[in-house]
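Chemist: I have a structure I would like to understand better, so I am pasting it below and will then ask my questions one at a time.
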Amino acid sequence: MKKLQFKININAPLSKVFDCMLGLSNKSTYEQWTAMFNPTFTYEGSWEKGSKILFVGVDEKGEKGGMVSRIVENIPNQFVSIQHYGLVNAGKEITEGPAVEK
């Protein structure tokens, strides 16, 4: 699987960018920038290293879907690494099988 990395320069303190991007103080700041993917997109879980986190939204049928993930690394104000290892489909987590590559 190809790994992707994105970089952008933002004229703001690292702590503010990190907090807003992950929605640490206010989850709505995360939801604002991810709304371009899905207006209902949010996360459930923790950004703590080693934690499971779900990135989910509701589709046009009203079903919850998204990704099952793990926080591989979280260095505050510097770096976050996320491993996506499963899917959420109709509210159910799928982490094994032909549709999911670990």
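To be explicit about the labels: the chains of the structure tokens are called A, B, and onward in the order shown, and within each one the residues are counted from 1, while ligands get numbers from 1 in the order they are shown.
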Please, which residues in region 68-90 of chain A fall within 8 Å of region 43-60 of chain A when counting only C-alpha atoms, and what is the closest atom pair and distance in Å to one decimal for each, ordered by chain then residue number, as a Markdown table?

Modeler:
```
| residue | atom | partner | partner_atom | distance |
| --- | --- | --- | --- | --- |
| A:Val68 | CA | A:Leu54 | CA | 4.8 |
| A:Ser69 | CA | A:Ile53 | CA | 5.2 |
| A:Arg70 | CA | A:Lys52 | CA | 4.5 |
| A:Ile71 | CA | A:Lys49 | CA | 5.1 |
| A:Val72 | CA | A:Gly50 | CA | 5.7 |
| A:Glu73 | CA | A:Lys49 | CA | 5.1 |
| A:Asn74 | CA | A:Lys49 | CA | 5.4 |
| A:Val88 | CA | A:Val56 | CA | 7.4 |
```

Chemist: If we count only C-alpha atoms and set the cut-off at 12 Å, which residues sit around Leu14 (chain A), ignoring sequence neighbours fewer than 2 positions away in its own chain? Please answer as a count of residues only.

Modeler: 15

Chemist: Enumerate as a PyMOL selection string all residues of chain A assigned to strand (DSSP E or B) by DSSP on the backbone, naming them with the chain letters and numbers the document uses.

Modeler: chain A and resi 42-45+52-58+64-75+79-89+92-94

Chemist: Kindly save the residues from that selection, with C-alpha atoms included, as a compact mmCIF listing (two decimals), in the first residue's frame.

Modeler:
```txt
# COMPACT_ATOMS: atom_id res chain seq x y z
CA THR A 42 -16.42 13.20 12.91
CA TYR A 43 -14.25 10.95 15.04
CA GLU A 44 -14.98 8.67 17.97
CA GLY A 45 -12.13 7.80 20.27
CA LYS A 52 -8.29 3.02 18.55
CA ILE A 53 -10.20 5.80 16.80
CA LEU A 54 -13.09 5.70 14.35
CA PHE A 55 -13.43 8.26 11.56
CA VAL A 56 -17.12 8.14 10.72
CA GLY A 57 -20.00 9.90 9.06
CA VAL A 58 -23.52 9.16 7.95
CA LYS A 64 -22.85 5.14 9.79
CA GLY A 65 -19.69 4.38 7.84
CA GLY A 66 -16.01 5.18 7.78
CA MET A 67 -12.65 3.85 8.92
CA VAL A 68 -11.37 1.88 11.91
CA SER A 69 -7.96 3.27 12.81
CA ARG A 70 -5.17 3.30 15.37
CA ILE A 71 -3.01 6.23 16.47
CA VAL A 72 0.50 4.94 15.77
CA GLU A 73 2.25 8.07 17.00
CA ASN A 74 1.21 11.40 18.45
CA ILE A 75 3.92 13.92 19.23
CA PHE A 79 3.32 14.85 14.23
CA VAL A 80 0.43 12.37 14.11
CA SER A 81 0.59 8.99 12.40
CA ILE A 82 -2.64 7.05 11.82
CA GLN A 83 -2.98 3.44 10.67
CA HIS A 84 -6.30 2.65 9.01
CA TYR A 85 -6.98 -1.08 9.38
CA GLY A 86 -10.68 -1.55 8.89
CA LEU A 87 -14.00 -0.18 7.78
CA VAL A 88 -17.21 0.87 9.46
CA ASN A 89 -20.12 -0.22 7.28
CA LYS A 92 -20.48 -2.38 12.08
CA GLU A 93 -16.69 -2.58 12.28
CA ILE A 94 -15.04 -4.80 9.67
```

Chemist: Report, in Å with one decimal, the straight-line distance from CA of Gly91 (chain A) to CA of Gly62 (chain A).

Modeler: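 Going from CA of Gly91 (chain A) over to CA of Gly62 (chain A), I get 10.1 Å.
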
Chemist: In Å, rounded to a single decimal, give me how far CA of Thr29 (chain A) is from CA of Phe41 (chain A).

Modeler: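 Distance between the two atoms: 11.5 Å.
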